[in-house]
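Engineer: I am sharing model.cif, which consists of mmCIF, C-alpha atoms:
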```cif
data_input
loop_
_atom_site.label_atom_id
_atom_site.label_comp_id
_atom_site.auth_asym_id
_atom_site.auth_seq_id
_atom_site.Cartn_x
_atom_site.Cartn_y
_atom_site.Cartn_z
CA MET A 1 36.58 51.03 44.26
CA GLU A 2 35.59 54.43 45.66
CA PHE A 3 32.05 54.01 44.29
CA ASN A 4 31.72 50.60 45.92
CA VAL A 5 32.85 51.93 49.29
CA ARG A 6 30.38 54.77 49.16
CA ARG A 7 27.61 52.44 48.09
CA LEU A 8 28.47 50.07 50.90
CA ALA A 9 28.49 52.91 53.40
CA ALA A 10 25.12 54.17 52.16
CA ASP A 11 23.60 50.69 52.39
CA ALA A 12 25.01 50.20 55.85
CA GLY A 13 23.55 53.54 56.94
CA THR A 14 20.12 52.61 55.56
CA PHE A 15 20.24 49.21 57.23
CA LEU A 16 21.26 50.77 60.56
CA SER A 17 18.47 53.35 60.33
CA ARG A 18 15.89 50.60 59.69
CA ALA A 19 17.25 48.50 62.53
CA VAL A 20 17.04 51.43 64.95
CA GLN A 21 13.51 52.26 63.84
CA PHE A 22 12.39 48.62 64.13
CA THR A 23 13.90 48.33 67.63
CA GLU A 24 12.29 51.54 68.83
CA GLU A 25 8.90 50.37 67.53
CA LYS A 26 9.24 47.09 69.38
CA LEU A 27 10.15 48.93 72.57
CA GLY A 28 7.26 51.34 72.15
CA GLN A 29 9.57 54.34 71.85
CA SER A 30 8.52 55.29 68.34
CA GLU A 31 5.31 55.46 66.35
CA ARG A 32 4.77 53.43 63.19
CA THR A 33 2.76 54.09 60.05
CA GLU A 34 -0.17 51.70 59.84
CA LEU A 35 -1.27 50.26 56.52
CA ASP A 36 -4.78 51.04 55.37
CA ALA A 37 -7.49 48.52 56.27
CA HIS A 38 -8.00 47.33 52.67
CA LEU A 39 -4.30 46.52 52.25
CA GLU A 40 -4.22 44.69 55.57
CA THR A 41 -7.23 42.62 54.49
CA LEU A 42 -5.51 41.71 51.23
CA LEU A 43 -2.33 40.71 53.09
CA ASN A 44 -4.26 38.46 55.47
CA ARG A 45 -6.13 36.90 52.55
CA ALA A 46 -2.88 36.14 50.72
CA GLU A 47 -1.35 34.56 53.82
CA SER A 48 -4.46 32.45 54.37
CA THR A 49 -4.41 31.35 50.72
CA LYS A 50 -0.79 30.26 51.05
CA GLN A 51 -1.35 28.28 54.25
CA TRP A 52 -4.45 26.43 53.02
CA THR A 53 -2.92 25.75 49.62
CA GLU A 54 0.04 24.04 51.31
CA LYS A 55 -2.32 21.95 53.46
CA ILE A 56 -4.45 20.93 50.46
CA MET A 57 -1.34 19.96 48.51
CA LYS A 58 -0.01 17.86 51.39
CA GLN A 59 -3.27 15.98 51.96
CA THR A 60 -3.81 15.43 48.23
CA GLU A 61 -0.36 13.87 47.96
CA VAL A 62 -1.21 11.60 50.91
CA VAL A 63 -4.44 10.50 49.18
CA LEU A 64 -2.71 9.81 45.86
CA GLN A 65 0.32 8.11 47.47
CA PRO A 66 -0.34 6.87 51.04
CA ASN A 67 3.18 5.42 51.41
CA PRO A 68 5.41 8.12 53.00
CA ASN A 69 8.61 6.34 51.92
CA VAL A 70 7.55 6.42 48.28
CA ARG A 71 6.61 10.10 48.59
CA MET A 72 10.04 10.87 50.03
CA GLU A 73 11.75 8.92 47.26
CA GLU A 74 9.76 10.77 44.58
CA PHE A 75 10.63 14.08 46.26
CA LEU A 76 14.36 13.26 46.18
CA TYR A 77 14.18 12.30 42.50
CA GLU A 78 12.40 15.58 41.80
CA MET A 79 15.02 17.58 43.73
CA LEU A 80 17.81 15.82 41.80
CA ASP A 81 15.93 16.46 38.54
CA LYS A 82 15.92 12.77 37.68
CA LYS A 83 13.20 10.62 36.17
CA ILE A 84 11.19 8.64 38.70
CA PRO A 85 11.59 4.90 37.95
CA SER A 86 8.41 3.11 36.93
CA ARG A 87 7.13 0.64 39.49
CA ALA A 88 4.05 -1.54 39.89
CA ASN A 89 1.51 -0.25 42.39
CA ASN A 90 -0.34 -2.38 44.95
CA HIS A 91 -3.22 -3.27 42.62
CA GLU A 92 -0.84 -4.41 39.88
CA LEU A 93 1.24 -6.47 42.33
CA LEU A 94 -1.90 -8.15 43.63
CA GLY A 95 -3.05 -8.79 40.07
CA GLU A 96 0.24 -10.45 39.11
CA CYS A 97 0.08 -12.60 42.23
CA MET A 98 -3.47 -13.72 41.44
CA ILE A 99 -2.64 -14.48 37.81
CA ASP A 100 0.43 -16.54 38.76
CA SER A 101 -1.52 -18.51 41.36
CA GLY A 102 -4.37 -19.05 38.89
CA HIS A 103 -1.98 -20.58 36.37
CA GLU A 104 -0.48 -22.71 39.15
CA PHE A 105 -3.90 -24.11 40.15
CA GLY A 106 -4.85 -24.54 36.51
CA PRO A 107 -6.80 -22.16 34.27
CA GLY A 108 -9.20 -25.04 33.50
CA THR A 109 -10.39 -25.14 37.12
CA ALA A 110 -13.07 -22.84 38.45
CA TYR A 111 -10.83 -21.38 41.15
CA GLY A 112 -7.82 -20.95 38.88
CA SER A 113 -9.88 -19.27 36.18
CA ALA A 114 -11.49 -16.96 38.75
CA LEU A 115 -8.08 -15.96 40.12
CA ILE A 116 -6.84 -15.11 36.64
CA LYS A 117 -9.89 -12.97 35.92
CA CYS A 118 -9.59 -11.18 39.28
CA GLY A 119 -5.89 -10.60 38.66
CA GLU A 120 -6.54 -9.08 35.25
CA THR A 121 -9.12 -6.76 36.79
CA GLU A 122 -6.73 -5.75 39.57
CA LYS A 123 -4.13 -4.81 36.97
CA LEU A 124 -6.73 -2.69 35.19
CA LEU A 125 -7.49 -0.98 38.50
CA GLY A 126 -3.76 -0.32 38.96
CA SER A 127 -3.49 1.25 35.51
CA ALA A 128 -6.52 3.44 36.22
CA GLU A 129 -4.94 4.54 39.51
CA LYS A 130 -1.73 5.53 37.72
CA GLU A 131 -3.75 7.59 35.25
CA LEU A 132 -5.51 9.34 38.14
CA ILE A 133 -2.21 10.16 39.87
CA GLN A 134 -0.67 11.49 36.66
CA SER A 135 -3.71 13.58 35.76
CA SER A 136 -4.02 14.97 39.29
CA ALA A 137 -0.34 15.88 39.44
CA ILE A 138 -0.45 17.76 36.14
CA ASN A 139 -3.84 19.46 36.40
CA PHE A 140 -4.13 20.05 40.15
CA LEU A 141 -0.94 19.74 42.19
CA THR A 142 1.38 21.47 39.73
CA PRO A 143 -0.65 24.73 39.53
CA LEU A 144 -0.87 24.85 43.34
CA ARG A 145 2.86 24.29 43.64
CA ASN A 146 3.55 26.97 41.03
CA PHE A 147 1.61 29.46 43.13
CA ILE A 148 3.57 28.63 46.30
CA GLU A 149 6.98 28.61 44.62
CA GLY A 150 6.36 31.41 42.11
CA ASP A 151 3.59 33.96 42.62
CA TYR A 152 3.64 33.87 46.40
CA LYS A 153 7.43 34.26 46.59
CA THR A 154 7.16 37.33 44.34
CA LEU A 155 4.47 38.66 46.63
CA LEU A 156 6.68 38.06 49.68
CA ARG A 157 9.53 40.05 48.11
CA GLU A 158 7.25 42.99 47.41
CA ARG A 159 5.77 42.76 50.89
CA LYS A 160 9.24 42.81 52.45
CA LEU A 161 10.16 45.79 50.30
CA LEU A 162 7.01 47.56 51.49
CA GLN A 163 8.04 46.88 55.09
CA ASN A 164 11.46 48.42 54.42
CA LYS A 165 9.89 51.47 52.79
CA ARG A 166 7.64 51.89 55.81
CA LEU A 167 10.63 51.78 58.15
CA ASP A 168 12.38 54.38 55.99
CA LEU A 169 9.28 56.57 56.10
CA ASP A 170 8.92 56.36 59.89
CA ALA A 171 12.65 56.99 60.34
CA ALA A 172 12.33 60.11 58.14
CA LYS A 173 9.37 61.28 60.21
CA ASN A 174 11.40 60.90 63.40
CA ARG A 175 14.35 62.83 61.92
CA LEU A 176 12.04 65.66 60.86
CA LYS A 177 10.42 65.68 64.30
CA LYS A 178 13.82 65.97 65.98
CA ALA A 179 14.87 68.69 63.53
CA ARG A 180 11.75 70.71 64.34
CA VAL A 181 12.39 70.39 68.09
CA ALA A 182 15.98 71.60 67.62
CA ASP A 183 14.77 74.47 65.43
CA ALA A 184 12.24 75.51 68.09
CA ARG A 185 14.93 75.55 70.74
CA SER A 186 17.18 77.67 68.57
CA ALA A 187 14.32 80.13 68.07
CA GLU A 188 14.00 80.44 71.87
CA LEU A 189 17.71 81.13 72.19
CA ASN A 190 17.48 83.71 69.40
CA SER A 191 14.99 85.69 71.48
CA THR A 192 17.57 86.28 74.27
CA PRO A 193 19.99 89.24 73.90
CA PRO A 194 23.41 88.36 72.45
CA LEU A 195 26.44 88.42 74.73
CA GLY A 196 29.04 89.39 72.16
CA GLU A 197 30.09 89.39 68.53
CA GLU A 198 31.76 85.99 68.81
CA TYR A 199 28.63 84.49 70.29
CA VAL A 200 26.48 86.05 67.54
CA ALA A 201 28.65 84.56 64.81
CA HIS A 202 28.56 81.12 66.41
CA PHE A 203 24.84 81.33 67.03
CA SER A 204 24.16 82.36 63.43
CA TYR A 205 26.16 79.38 62.20
CA MET A 206 24.13 77.03 64.41
CA LEU A 207 20.84 78.50 63.16
CA SER A 208 21.96 78.04 59.59
CA PHE A 209 23.02 74.46 60.29
CA LEU A 210 19.75 73.56 61.99
CA HIS A 211 17.75 75.17 59.21
CA VAL A 212 19.62 73.14 56.57
CA ARG A 213 19.12 70.01 58.63
CA TRP A 214 15.39 70.73 58.88
CA LEU A 215 15.10 71.30 55.12
CA LYS A 216 17.02 68.07 54.45
CA ALA A 217 14.72 66.13 56.80
CA GLU A 218 11.66 67.51 55.01
CA THR A 219 13.09 66.50 51.62
CA GLU A 220 13.91 62.99 52.87
CA LEU A 221 10.39 62.66 54.24
CA ARG A 222 8.79 63.62 50.93
CA ILE A 223 10.99 61.13 49.09
CA ALA A 224 10.29 58.37 51.64
CA GLN A 225 6.56 59.06 51.50
CA SER A 226 6.57 58.92 47.70
CA GLU A 227 8.51 55.61 47.64
CA PHE A 228 6.25 54.13 50.30
CA ASP A 229 3.07 55.09 48.41
CA ARG A 230 4.47 53.67 45.18
CA GLN A 231 5.46 50.39 46.82
CA ALA A 232 2.09 50.14 48.59
CA GLU A 233 0.33 50.48 45.22
CA ILE A 234 2.52 47.76 43.66
CA THR A 235 1.86 45.44 46.59
CA ARG A 236 -1.87 46.18 46.46
CA LEU A 237 -2.06 45.28 42.75
CA LEU A 238 -0.25 41.99 43.37
CA LEU A 239 -2.49 41.16 46.33
CA GLU A 240 -5.62 41.84 44.32
CA GLY A 241 -4.36 39.20 41.89
CA ILE A 242 -5.17 36.60 44.56
CA SER A 243 -8.75 36.67 43.25
CA SER A 244 -7.46 35.54 39.85
CA THR A 245 -5.42 32.86 41.63
CA HIS A 246 -8.57 31.58 43.34
CA ALA A 247 -10.38 31.45 39.99
CA HIS A 248 -7.50 29.49 38.45
CA HIS A 249 -7.37 27.08 41.39
CA LEU A 250 -11.14 26.59 41.04
CA ARG A 251 -10.67 25.43 37.46
CA CYS A 252 -7.91 23.10 38.60
CA LEU A 253 -10.19 21.76 41.33
CA ASN A 254 -12.87 21.00 38.72
CA ASP A 255 -10.26 19.11 36.68
CA PHE A 256 -9.32 17.12 39.78
CA VAL A 257 -12.96 16.24 40.47
CA ASP A 258 -13.43 15.21 36.82
CA ALA A 259 -10.37 12.96 37.05
CA GLN A 260 -11.68 11.34 40.23
CA THR A 261 -15.13 10.88 38.68
CA ALA A 262 -13.65 9.19 35.63
CA TYR A 263 -11.41 7.01 37.81
CA TYR A 264 -14.16 5.76 40.13
CA ALA A 265 -16.57 5.24 37.22
CA GLN A 266 -13.92 3.20 35.42
CA CYS A 267 -13.20 1.15 38.53
CA TYR A 268 -16.92 0.59 39.06
CA GLN A 269 -17.31 -0.68 35.50
CA TYR A 270 -14.33 -3.01 35.90
CA MET A 271 -15.80 -4.49 39.08
CA VAL A 272 -19.29 -4.82 37.56
CA ASN A 273 -17.84 -6.77 34.66
CA LEU A 274 -15.82 -8.94 37.04
CA GLN A 275 -18.85 -9.56 39.25
CA LYS A 276 -20.87 -10.67 36.23
CA GLN A 277 -18.12 -13.10 35.31
CA LEU A 278 -18.01 -14.48 38.85
CA GLY A 279 -21.77 -14.45 39.37
CA SER A 280 -21.97 -18.20 39.91
CA PHE A 281 -19.29 -18.39 42.58
CA PRO A 282 -21.18 -17.20 45.70
CA SER A 283 -23.67 -20.07 45.44
CA THR A 284 -20.89 -22.51 44.59
CA PHE A 285 -18.81 -21.53 47.60
CA SER A 286 -21.87 -21.65 49.83
CA THR A 287 -22.72 -25.17 48.70
CA ASN A 288 -19.15 -26.36 49.14
CA ASN A 289 -18.92 -24.82 52.62
CA ASN A 290 -22.15 -26.49 53.70
CA GLN A 291 -20.94 -29.86 52.41
CA THR A 292 -17.52 -29.68 54.06
CA GLY A 293 -18.55 -27.87 57.21
CA GLY A 294 -21.24 -30.31 58.26
CA ASN A 295 -23.17 -28.30 60.86
CA SER A 296 -22.55 -24.89 59.32
CA SER A 297 -25.87 -23.04 59.24
CA ALA A 298 -24.78 -19.75 57.65
CA SER A 299 -23.51 -19.28 54.11
CA VAL A 300 -21.45 -16.44 52.71
CA SER A 301 -23.30 -14.32 50.20
CA VAL A 302 -21.87 -11.63 47.96
CA PRO A 303 -24.09 -8.69 47.02
CA THR A 304 -24.48 -8.17 43.31
CA VAL A 305 -24.36 -4.85 41.52
CA PRO A 306 -26.87 -4.42 38.72
CA ALA A 307 -25.08 -4.28 35.39
CA ALA A 308 -25.66 -1.38 33.04
CA ALA A 309 -26.19 -3.67 30.06
CA SER A 310 -26.34 -7.46 29.69
CA LEU A 311 -23.86 -9.28 27.52
CA PRO A 312 -25.16 -10.29 24.07
CA ALA A 313 -26.16 -13.92 23.72
CA PRO A 314 -23.83 -16.07 21.62
CA PRO A 315 -25.03 -16.84 18.11
CA PRO A 316 -26.77 -20.17 17.50
CA SER A 317 -24.54 -22.92 16.10
CA GLN A 318 -25.15 -25.87 13.88
CA ALA A 319 -25.19 -29.35 15.46
CA SER A 320 -21.70 -30.85 15.13
CA PRO A 321 -21.04 -34.55 14.39
CA ALA A 322 -19.63 -34.95 17.90
CA LEU A 323 -22.87 -33.59 19.35
CA ASN A 324 -24.96 -35.92 17.22
CA GLU A 325 -22.82 -38.84 18.38
CA LEU A 326 -23.24 -37.76 22.02
CA ARG A 327 -27.02 -37.64 21.66
CA SER A 328 -27.22 -40.98 19.91
CA THR A 329 -25.06 -42.87 22.41
CA SER A 330 -26.02 -40.96 25.60
CA GLY A 331 -22.32 -41.04 26.50
CA ILE A 332 -20.19 -38.65 28.59
CA ARG A 333 -17.89 -36.05 27.04
CA LYS A 334 -15.67 -33.19 28.18
CA ALA A 335 -16.63 -29.68 27.02
CA ARG A 336 -14.98 -26.30 27.24
CA VAL A 337 -17.17 -23.32 28.17
CA LEU A 338 -17.03 -20.56 25.55
CA TYR A 339 -18.93 -17.82 27.43
CA ASP A 340 -19.97 -17.00 30.97
CA TYR A 341 -23.52 -18.08 31.76
CA ASP A 342 -25.65 -17.24 34.82
CA ALA A 343 -28.23 -19.88 35.72
CA ASP A 344 -31.84 -18.67 35.58
CA SER A 345 -33.18 -21.45 37.84
CA SER A 346 -32.02 -24.12 40.25
CA SER A 347 -32.21 -26.74 37.48
CA GLU A 348 -29.49 -24.98 35.48
CA LEU A 349 -25.75 -24.82 36.05
CA SER A 350 -23.86 -21.53 35.92
CA LEU A 351 -20.79 -21.52 33.69
CA LEU A 352 -17.50 -19.67 33.68
CA SER A 353 -15.64 -18.95 30.47
CA ASP A 354 -12.72 -21.33 29.66
CA GLU A 355 -13.57 -23.87 32.35
CA VAL A 356 -13.91 -27.57 31.41
CA ILE A 357 -16.99 -29.53 32.53
CA THR A 358 -18.52 -32.95 31.88
CA VAL A 359 -21.67 -33.10 29.73
CA THR A 360 -24.11 -35.84 28.76
CA SER A 361 -27.31 -36.06 26.75
CA VAL A 362 -30.47 -36.93 28.65
CA PRO A 363 -33.40 -38.49 26.74
CA GLY A 364 -36.41 -36.21 26.53
CA MET A 365 -34.39 -33.02 27.23
CA ASP A 366 -34.71 -30.03 24.93
CA SER A 367 -32.31 -30.32 21.98
CA ASP A 368 -30.69 -26.97 22.87
CA TRP A 369 -29.58 -28.23 26.28
CA LEU A 370 -27.26 -30.84 27.78
CA MET A 371 -26.79 -32.03 31.33
CA GLY A 372 -23.57 -30.54 32.73
CA GLN A 373 -21.58 -31.56 35.79
CA ARG A 374 -18.83 -29.80 37.73
CA GLY A 375 -17.71 -31.81 40.70
CA ASN A 376 -20.85 -32.50 42.75
CA GLN A 377 -22.87 -29.85 40.95
CA LYS A 378 -25.25 -30.78 38.14
CA GLY A 379 -27.60 -28.79 35.97
CA LYS A 380 -28.75 -28.00 32.48
CA VAL A 381 -26.35 -26.04 30.29
CA PRO A 382 -26.99 -24.43 26.86
CA ILE A 383 -25.26 -26.13 23.96
CA THR A 384 -24.36 -22.83 22.28
CA TYR A 385 -22.08 -22.00 25.22
CA LEU A 386 -20.01 -25.19 24.85
CA GLU A 387 -17.27 -26.65 22.69
CA LEU A 388 -17.06 -30.45 22.85
CA LEU A 389 -13.55 -31.78 23.28
CA ASN A 390 -12.12 -34.89 21.66
#
```
Take the structure from the file and write it as structure tokens.
Structural biologist:
Amino acid sequence: MEFNVRRLAADAGTFLSRAVQFTEEKLGQSERTELDAHLETLLNRAESTKQWTEKIMKQTEVVLQPNPNVRMEEFLYEMLDKKIPSRANNHELLGECMIDSGHEFGPGTAYGSALIKCGETEKLLGSAEKELIQSSAINFLTPLRNFIEGDYKTLLRERKLLQNKRLDLDAAKNRLKKARVADARSAELNSTPPLGEEYVAHFSYMLSFLHVRWLKAETELRIAQSEFDRQAEITRLLLEGISSTHAHHLRCLNDFVDAQTAYYAQCYQYMVNLQKQLGSFPSTFSTNNNQTGGNSSASVSVPTVPAAASLPAPPPSQASPALNELRSTSGIRKARVLYDYDADSSSELSLLSDEVITVTSVPGMDSDWLMGQRGNQKGKVPITYLELLN
């Protein structure tokens, strides 16, 4: 118990000395030891790194998850150390809605089939977005957060300890300065003739006391200076590690850019494939709008993106008995489209996989072609893309 009381008293004395020194510095009544220019530069660089890292983290989280309510919910789950429940993102919800509506309108219709294909692509986009968020959180956001919550907090502790050691050093300098002033005054008094033996004894005791106090102040100053220099060196070494932090964050930034590149390339490929599958719809919608709108003079056109590689042509098939019967009778049959087909000319009809159209054989037409009809649209269609239905 005695040790604890003494320790508490010593700590209280140190705290009071620092508080007095800090107050006097603020009031301009005491000088302070300035850090060297290199250390100040390192401190400013570390503070700037911390501030900009926090801003980059915040804006990256906004980009990856624009919904603030979802971000707050994920933050609460993280604080409670619980697993974040899996939920469908906006692309996946849109995809499910399109697929359900496509089945409602009928997958055999052009619109229903297109909705289903768009919905499947939207779900692929949603999965790609989830992969981007997961990769960015692991390879980019987590290292930045580790710096803020780990390395920088360690640096702050050492910086605060350096500040305390500086206050101790300046307080020791002030005590030594006061001791020297008192010693100088005692020397002046010693030069005057003594007034009596009692005065001489008292004066000798005071000189001895002041001399001891001066020696103690010098010892405390040397100790404070040594501790301050040691702490300044420790802080300097930690601050110079900011360069390594920047190099590590640069690697993380490259990983983030790679993840974004892969994500946007994947999304681009998904949309190119979808656009190829829906290549016949812009002209179809334009024709339908002109027929129903009457006086409409403008048609909606959708720009096409050149595909990286064309789809392989389906293999040639042998003439089936149903096809021979169709050619001999020149009748009308239903046929299911096996593959997407983009018309090369106005005399041909573009096809969409899985849709059902009406076909008939026209005398004099090439044996590899039939005349197809979808609503009010007519045109030649390749036989190899069709499956005749009973």
Engineer: Which polymer residues have any atom within 12 Å of an atom of A:Ser30, counting only C-alpha atoms, with same-chain residues fewer than 2 positions away left out, as a list in words?
Structural biologist: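 With the cut-off at 12 Å, the set is Val20, Gln21, Phe22, Thr23, Glu24, Glu25, Lys26, Leu27, Gly28, Arg32, Thr33, Leu167, Asp170, Ala171, Ala172, Lys173, Asn174, Arg175 and Lys177 of chain A.
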Engineer: For this structure, which residues satisfy the selection - the PyMOL selection byres ((chain A and resi 221) around 9) - when it is evaluated on the file as given? I want them as a list in words.
Structural biologist: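 Going through the file, the PyMOL selection byres ((chain A and resi 221) around 9) ends up selecting Asp168, Leu169, Asp170, Ala171, Ala172, Lys173, Arg175, Leu176, Lys216, Ala217, Glu218, Thr219, Glu220, Arg222, Ile223, Ala224, Gln225 and Ser226 of chain A.
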Engineer: Which distance in Å separates atom CA of A:Ala88 and atom CA of A:Glu355, to one decimal?
Structural biologist: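 Taking atom CA of A:Ala88 as the start and atom CA of A:Glu355 as the end point, the length is 29.4 Å.
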Engineer: Quick one, how far is atom CA of A:Thr384 from atom CA of A:Ile99?
Structural biologist: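 So the two atoms, atom CA of A:Thr384 and atom CA of A:Ile99, lie 28.0 Å apart.
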Engineer: Take atom CA of A:Cys252 and atom CA of A:Ile133 and report the distance between them in Å, one decimal.
Structural biologist: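 Answer for the atom CA of A:Cys252 to atom CA of A:Ile133 separation: 14.2 Å.
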Engineer: Give me, as a list in words, all polymer residues having an atom no more than 12 Å from A:Val257, counting only C-alpha atoms and skipping those fewer than 6 positions away in the same chain.
Structural biologist: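 My reading of the contact set: Leu132, Ser135, Ser136, Asn139, Phe140, Leu250, Arg251, Tyr263 and Tyr264 of chain A.
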Engineer: Considering all atoms listed in the file, can you say which of A:Thr261, A:Asp151, A:Val381, A:Asp344 comes closest to A:Ser244?
Structural biologist: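 Of the candidates, the smallest distance to A:Ser244 is held by A:Asp151.
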Engineer: For the provided coordinates, the residues matched by the PyMOL selection byres ((chain A and resi 43) around 12) should be stated as a PDB file with C-alpha atoms, keeping the file's coordinate frame.
Structural biologist:
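Written output follows (selection.pdb):
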```pdb
ATOM      1  CA  LEU A  35      -1.270  50.260  56.520  1.00  0.00           C
ATOM      2  CA  ASP A  36      -4.780  51.040  55.370  1.00  0.00           C
ATOM      3  CA  ALA A  37      -7.490  48.520  56.270  1.00  0.00           C
ATOM      4  CA  HIS A  38      -8.000  47.330  52.670  1.00  0.00           C
ATOM      5  CA  LEU A  39      -4.300  46.520  52.250  1.00  0.00           C
ATOM      6  CA  GLU A  40      -4.220  44.690  55.570  1.00  0.00           C
ATOM      7  CA  THR A  41      -7.230  42.620  54.490  1.00  0.00           C
ATOM      8  CA  LEU A  42      -5.510  41.710  51.230  1.00  0.00           C
ATOM      9  CA  ASN A  44      -4.260  38.460  55.470  1.00  0.00           C
ATOM     10  CA  ARG A  45      -6.130  36.900  52.550  1.00  0.00           C
ATOM     11  CA  ALA A  46      -2.880  36.140  50.720  1.00  0.00           C
ATOM     12  CA  GLU A  47      -1.350  34.560  53.820  1.00  0.00           C
ATOM     13  CA  SER A  48      -4.460  32.450  54.370  1.00  0.00           C
ATOM     14  CA  THR A  49      -4.410  31.350  50.720  1.00  0.00           C
ATOM     15  CA  LYS A  50      -0.790  30.260  51.050  1.00  0.00           C
ATOM     16  CA  TYR A 152       3.640  33.870  46.400  1.00  0.00           C
ATOM     17  CA  LEU A 155       4.470  38.660  46.630  1.00  0.00           C
ATOM     18  CA  LEU A 156       6.680  38.060  49.680  1.00  0.00           C
ATOM     19  CA  GLU A 158       7.250  42.990  47.410  1.00  0.00           C
ATOM     20  CA  ARG A 159       5.770  42.760  50.890  1.00  0.00           C
ATOM     21  CA  LYS A 160       9.240  42.810  52.450  1.00  0.00           C
ATOM     22  CA  LEU A 162       7.010  47.560  51.490  1.00  0.00           C
ATOM     23  CA  ALA A 232       2.090  50.140  48.590  1.00  0.00           C
ATOM     24  CA  THR A 235       1.860  45.440  46.590  1.00  0.00           C
ATOM     25  CA  ARG A 236      -1.870  46.180  46.460  1.00  0.00           C
ATOM     26  CA  LEU A 237      -2.060  45.280  42.750  1.00  0.00           C
ATOM     27  CA  LEU A 238      -0.250  41.990  43.370  1.00  0.00           C
ATOM     28  CA  LEU A 239      -2.490  41.160  46.330  1.00  0.00           C
ATOM     29  CA  GLU A 240      -5.620  41.840  44.320  1.00  0.00           C
ATOM     30  CA  GLY A 241      -4.360  39.200  41.890  1.00  0.00           C
ATOM     31  CA  ILE A 242      -5.170  36.600  44.560  1.00  0.00           C
TER      32      ILE A 242
END
```
Engineer: Would you kindly return, as a VMD selection string, each protein, DNA or RNA residue with an atom no farther than 8 Å from any atom of stretch 101-118 of chain A, considering all atoms listed in the file and excluding same-chain residues fewer than 2 positions away?
Structural biologist: chain A and resid 95 97 to 99 120 to 122 274 278 352 354 to 356
